[in-house]
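Have a look at the structure below before the remarks.
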Amino acid sequence: MPNRKSSPPPGATAALALSDGTVFWGKGLGAAAKKTGEVCFNTSITGYQEILTDPSYAGQIVTFTFPHVGNVGTNPEDIETLVPAARGLVLREDITAPSNFRSTQTLDAWLKANGIPGICGIDTRALTRHIRDTGAPNGTLIHRPDGKIDAAALVEEAAAWPGLEGMDLAKEVTARQSYTWDETTWALGKGYGKLGKPKFHVVAIDYGAKRNILRCLAQAGCKVTVLPAQATAEDVLRHKPDGVFLSNGPGDPAATGVYAVPTIRALLDKRVPIFGICLGHQLLALALGATTTKLARGHRGANHPVKDLETGKVEITSQNHGFAVLPETLPASAQVTHISLFDQTNEGLRCLDRPAFSVQYHPEASPGPQDAHYLFARFTALMTNSKAA
Amino acid sequence: MPKRTDIKSILIIGAGPIVIGQACEFDYSGTQACRALKEEGYRIVLVNSNPATIMTDPSLADATYVEPIVPDIVEKIIAKERPDALLPTMGGQTALNVAMALADSGVLEKYGVELIGANRDAIDKAEDRLRFRDAMSKIGLESPKSVLVKSMDDAKAALEAVGLPAIIRPSFTMGGTGGGIAYNVDEYEQIVFGALRASPVGSTLVEESVLGWKEFEMEVVRDRNDNCIIVCSIENIDPMGIHTGDSVTVAPALTLTDKEFQIMRNASIATLREIGVDTGGSNVQFAVDPKTGRMVVIEMNPRVSRSSALASKATGFPIAKIAAKLAVGYTLDELKNDITGVTPAAFEPTIDYVVVKMPRFTFEKFPGTPQLLSTSMKSVGEAMAIGRNFKEALQKALRSMETGFSGLDEIDIPDDDAGKIREAIVAALARPSPDRLLVIGQALRFGFNVEDICRISSFDPWFVRQVEELVAEETAIKTAGLPKDAAGWTRLKQMGFGDAKLAQLVRKSEAEVAAARRALGVVPVFKRIDTCAAEFASLTPYLYSSYETPAFGAAQSEDDATDRTKVVILGGGPNRIGQGIEFDYCCVHAVYALREAGFETIMVNCNPETVSTDYDTADRLYFEPLTPETVIEIVRREQSNGKVLGVICQFGGQTPLRLADALAEAGIPILGTTPDAIDLAEDRQRFAKLLSKLGLEQPASGTAFSAVEAEAEAARIGYPVLLRPSYVLGGRAMKIVHSVDQLRSFIAEAVRVSGKNPVLIDSYLQDAIEVDVDAVADAETVHVAGIMEHIEEAGIHSGDSACSLPPYSLPKKILDEIERQTAALARGLGVVGLMNVQFAVKEGRVYVLEVNPRASRTVPFVAKATGVAIAKIAARVMAGESLASFKLKKRKLDHVAVKEAVFPFARFPGSDTILGPEMKSTGEVMGIDADFGHAFAKAQIGASQKLPVAGTLFVSVRDADKKAILGPVRKLVALGFGVMATGGTTTFLRKNGVDVAHVNKVLEGRPHIVDAIKSSKVHLVFNTTDGAQAVADSFSLRHAALMGGIAYYTTVAGARAAAEAIAALRAGSLEVAPLQAYFKGAF
């Protein structure tokens, strides 16, 4: 079978080897480098720069299902962290020269500058179907302009990688030290704004936070103090926050929970208003005594329907998670507020006895629909009520 | 929220005849709506005057009214049926306007009918330009600066505010009718004048120009729980200033970052909320300044549209079906996504391919109109193509056009000044012409760079660079020849190069190229359109071809060909004049019939507007260009499992027929009449031999390959003669020629259009009655399904002529003879399936004009008029059943059905409205009633001819017609009409005792007849002319009548029928009846 050949076909400058022995040959993109990670897919059509800079993609190689990626180039604004977390990207088509008034650099040059390798010219749909049917495999991606690639060694490398389960990646992407955030959301022609007079002070625990979450908090009137993932409840409370935000992030929640859960439990006990997103949602659930599980098929895209069980309304959401909260393990004091209409998995919860709620999906969008922006207002309302009480 | 139980019956209004701006897409949406609501248990009442639609098949609705879609008639239907609700969003602007009129006049209130899907205020807010602009500014969205204008005085003031160039957009018109772009004051005044007339409410918006900006569309669906989804984004490759229906478009949008995309998404949803579209699909259009990203809202349609049909086909999300269910109370999360079967309709489709839509034009039919695009839509059809990348989709789209392109072909850019080709190219790049992508390709071949091209054309550089890469690859192929290995082949095929294009580049035959490719094992794979980019498994075999590199073994195909016995039905490709919805109707009927007979049906087509390309019409759908390469590859793939019984080429018009030879050569069985018999009917000499063997007469005829031969043949036959190329549909380049001088002026074009085939020259039977016959046959039996007598005389293209079924003037003896000859021809040709024959009857003799052993344009009309679904029967006969087993009986009809053609002249201001042998109509309507007069009157009303019941008739006819016109004139005088006439006609009529007011011809000085028409002193026009000069002289009067909306007839027979219809209207008002009342238990 041609794709399992151990020597590269003529002209191939990149390969993606899966741990099961499958090798895809193609043309190399971006940095000449070799990276190993979990091979996942994302079905968003727009927003590749945001996706590649989302810290939740730490440890992952992203397959884009839409064939044309790079067509709007890259710019200094559309980033979710300074250092992109994704380990590599897989495309059907080569990167084209960009066309967009905000573009300052081609995607290829940007990938090179950020040390990310990529491969193009492979049947990404076939790969996506494979991931859909058998789960996200571990893989090694290499880009070597001279084409000297040892496929067998790559397969071995992929097979030897332990995988994301049990891996605490948050500590790799979290802030090294605390900082304050006051940049608000983006507007056409104006770029990002600055927070004026803050109405609230929020401490965000950074497990790999996307900047747009911080921007949405600032936009909602919050001065944000960002603390590293391993911050303790004392560290948090020292800042006298009106509320605490638990961020998104990569890896297995159970692994991160080892140090995050005690912090969150202590904060819950102090009745500090808490809002969690994605990994933050999973950690809140763990703190409440629930368990999480790895999904056979992760949710990664910008078209996921989520039903708000209270209003019966559907919001189209941006999602990026490979683990989920098992709702049946939640205590009676917590209520399921949102579910996925794709597979009925848990998408949100609320504590009945404490001012805390969280969602599995990404209300900050970026990329994706902004239908769920209202949740930031819900958080400020929670803080307002808490202050009054 | 579950469906509503407080409503039991729903009236659905269709879009009526196919016109520019309203084509098959509303049959697709209406058919989906009928099905979706019927399946919910509602009683469906349907009105649509277009008999060629699937939605008017009597099995779809409970009561199907093929009646004119005008407020009076619809009110009668409401009074009779008493529906609880009216769904006005499925029938385009026609349905919306009629629903608004019924709401405004209080009819809906009177009968307690509720508007569902869109309420009165939402429709008004979306359609009224001023209210729309105010609504947008209320939600903080920018619109181009604009002023609402109700008079020419307003217009002057508006110009100061807006400046030139200015966009003129009339209120409440469809497809931009009557609008345009004015670059100078003269043009401005002229367009505003026309726009005020075109608008049913006499107002137009004058708008700041955003010419050259990028144009985007969003397809939005909303339910009553305020859940909103974007089904698809569409980017226009042609810049602002060209109607989106005339633009090449691509889905999804390719040049927006996520931040910009989300601004547009939020704006679209905010627009629906503010306008108040509670449930259903809408389309919102935006313009974006490419330099700054500044976004303005252009307009929105609070209904399903051409774009929503495209979005449905492009994503697999059936907007009309879902919108219909939302209208009766469901919410998106309660409805299933049919394609996956496991996810709900509440999500946003995502795709992993690129879709290109390309419009199809027929400017050649309307000489005198410059081939320029503007904000008023001109295209008559479109094709959609799907590829795994833009280049593949683009090249497929070009191949789908049916204009002879095999890809990005070279085109000739004429340089008037020799050596000034660069200047000519610059001018061509700047001109908004229908083929600008090809001009861009040509400019690149001449060494123009991308930056210059973008600056001159305002095209986005992303698309121009894609064209540049294709042009560069073509050059490389020309030098290097065909690839030597599979990888090289796959690379080229992934760029979308068709075998025919490669053959052209390396100067080999297409068959040789295909053989070289297949020898290396390079064949397409078929991928599924699944709404979700493979995130979920798809149950629906909705497929397109592409080429892939190996993955997990060989290149991965998802066709999953079954082991069943299959029939492949080839569709008709893009609509054009001469080949439209009628053929799609036939293909869909073939699918239905063969499905019922237990075959697996496989549809291949590339027209996104149609019912045939709905994923649940056939068992399997391949959305592909109709070329030998694609069809052969599909059949090969299907043959890999199960058995392909054969291919049906005879139902989709000329397009699939052209493929028959290539398929037969590839050893693929063709069902029904053999390609050889089809060729026999087309080949003059072989056909003449057959006729003489059968003892049938035809007008004297000959063939010629050159101008010299043509002159000799015409002289032998005797003038007047009919000149036409062979193998064309719709009478392309066909002319009646009265003299050798005239012959000389037309022959060059005819020779060119014919290509390798000869030009046909027939004796023209002046004043003969033309008859169309549709029949179905097998080896043993022939069934004459319908004999239609044309209203217009022989010489007017049959597609443009009104006709009556049953015939209204022919004696039984002639009809029997026509039946006998039809049967003889069917047997002589060995027809298995459908056949259409055109006869001319003159002085009691029957002449065979032409025979087409295939589905004809009149098949759906015959089916609706007689209650016999002949296309279905023919399909089953082609698949092997005996015709006798259907036990068809000859039945005498107790009613008359009249078909009338509908013309697009108003969109082609420079062209004449006079009819001839070249077909110009885009669509048709049917009038059905107890007698000819009433049926004809309904057909006229349905075709938007406003038949006056009183007023002044203007008559100006050529000498040959003077005697004949007397009858209809006298009839109208007896009904109280006044008569006005010019010169010779005045004298003649007065001599015959008709009281006539004389009016000057235009050449005779003012006030003249055009003044009289423009000042509304004339209500009906009878005008026949002869000879180039007379035709030119009277052009302005026909044009004035057309623009003024005054009923006009350019043949004596038409005038006669009109007089009879007016008499019928005077005798009593029109009554309505559903088709089901005409045919109890039929179909």
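Chain labels follow the order of the structure tokens: the first chain is A, the next B, and so on; residue numbering restarts at 1 in every chain, and ligands are counted from 1 in their shown order.
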
Tell me, as a list in words, which residues lie within 8 Å of segment 839-847 of chain B, counting only C-alpha atoms; anything in the same chain fewer than 4 positions away does not count.
Leu696, Glu697, Gln698, Pro699, Leu765, Asp767, Ala768, Ile769, Glu770, Val771, Asp772, Val773, Ala794, Ile814, Glu817 and Ile818 of chain B

Could you turn the residues from that selection into a file that holds C-alpha atoms, as a compact mmCIF listing (two decimals), in the first residue's frame?
# COMPACT_ATOMS: atom_id res chain seq x y z
CA LEU B 696 -45.26 11.56 -45.76
CA GLU B 697 -44.81 15.09 -47.02
CA GLN B 698 -42.44 17.77 -45.81
CA PRO B 699 -41.80 21.29 -47.08
CA LEU B 765 -45.11 27.69 -45.44
CA ASP B 767 -49.88 31.27 -43.02
CA ALA B 768 -49.84 27.56 -42.25
CA ILE B 769 -51.15 26.33 -38.89
CA GLU B 770 -48.49 24.68 -36.81
CA VAL B 771 -49.27 21.64 -34.69
CA ASP B 772 -47.19 20.02 -31.95
CA VAL B 773 -47.74 16.39 -31.07
CA ALA B 794 -45.88 28.37 -38.53
CA ILE B 814 -56.92 16.46 -40.20
CA GLU B 817 -54.35 12.19 -40.33
CA ILE B 818 -51.94 13.76 -37.83

Best match for closeness to chain A among B:Ile139, B:Leu164, B:Ala534, B:Ala103, counting only C-alpha atoms:
B:Ala534

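Residues from chain B that have an atom within 6 Å of chain A, counting only C-alpha atoms, are Asn227, Thr255, Asp258, Lys291, Thr343, Phe347, Glu348, Asp352, Trp462, Ala534 and Gly553 of chain B.
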
Within 12 Å of Phe746 of chain B, counting only C-alpha atoms, which residues qualify if same-chain residues fewer than 5 places away don't, as a ChimeraX atom specification?
/B:706-707,710-711,722-725,733-741,751-753,759

For the residues in that selection, give me C-alpha atoms as a PDB file, in the first residue's frame.
ATOM      1  CA  SER B 706     -21.404  27.623 -47.304  1.00  0.00           C
ATOM      2  CA  ALA B 707     -23.005  30.883 -48.333  1.00  0.00           C
ATOM      3  CA  ALA B 710     -27.127  28.286 -49.493  1.00  0.00           C
ATOM      4  CA  GLU B 711     -27.979  30.802 -52.204  1.00  0.00           C
ATOM      5  CA  LEU B 722     -36.442  29.110 -43.226  1.00  0.00           C
ATOM      6  CA  LEU B 723     -32.741  29.105 -42.440  1.00  0.00           C
ATOM      7  CA  ARG B 724     -31.379  27.179 -39.443  1.00  0.00           C
ATOM      8  CA  PRO B 725     -28.329  25.366 -38.154  1.00  0.00           C
ATOM      9  CA  ALA B 733     -29.740  31.546 -35.189  1.00  0.00           C
ATOM     10  CA  MET B 734     -32.903  30.548 -37.045  1.00  0.00           C
ATOM     11  CA  LYS B 735     -34.381  33.057 -39.525  1.00  0.00           C
ATOM     12  CA  ILE B 736     -37.169  33.426 -42.040  1.00  0.00           C
ATOM     13  CA  VAL B 737     -35.613  34.860 -45.170  1.00  0.00           C
ATOM     14  CA  HIS B 738     -37.630  36.544 -47.885  1.00  0.00           C
ATOM     15  CA  SER B 739     -34.936  37.474 -50.383  1.00  0.00           C
ATOM     16  CA  VAL B 740     -31.417  36.733 -51.455  1.00  0.00           C
ATOM     17  CA  ASP B 741     -30.264  40.011 -49.863  1.00  0.00           C
ATOM     18  CA  VAL B 751     -22.728  28.622 -40.910  1.00  0.00           C
ATOM     19  CA  ARG B 752     -20.746  29.540 -37.787  1.00  0.00           C
ATOM     20  CA  VAL B 753     -23.336  28.160 -35.347  1.00  0.00           C
ATOM     21  CA  VAL B 759     -27.141  24.747 -42.462  1.00  0.00           C
TER      22      VAL B 759
END
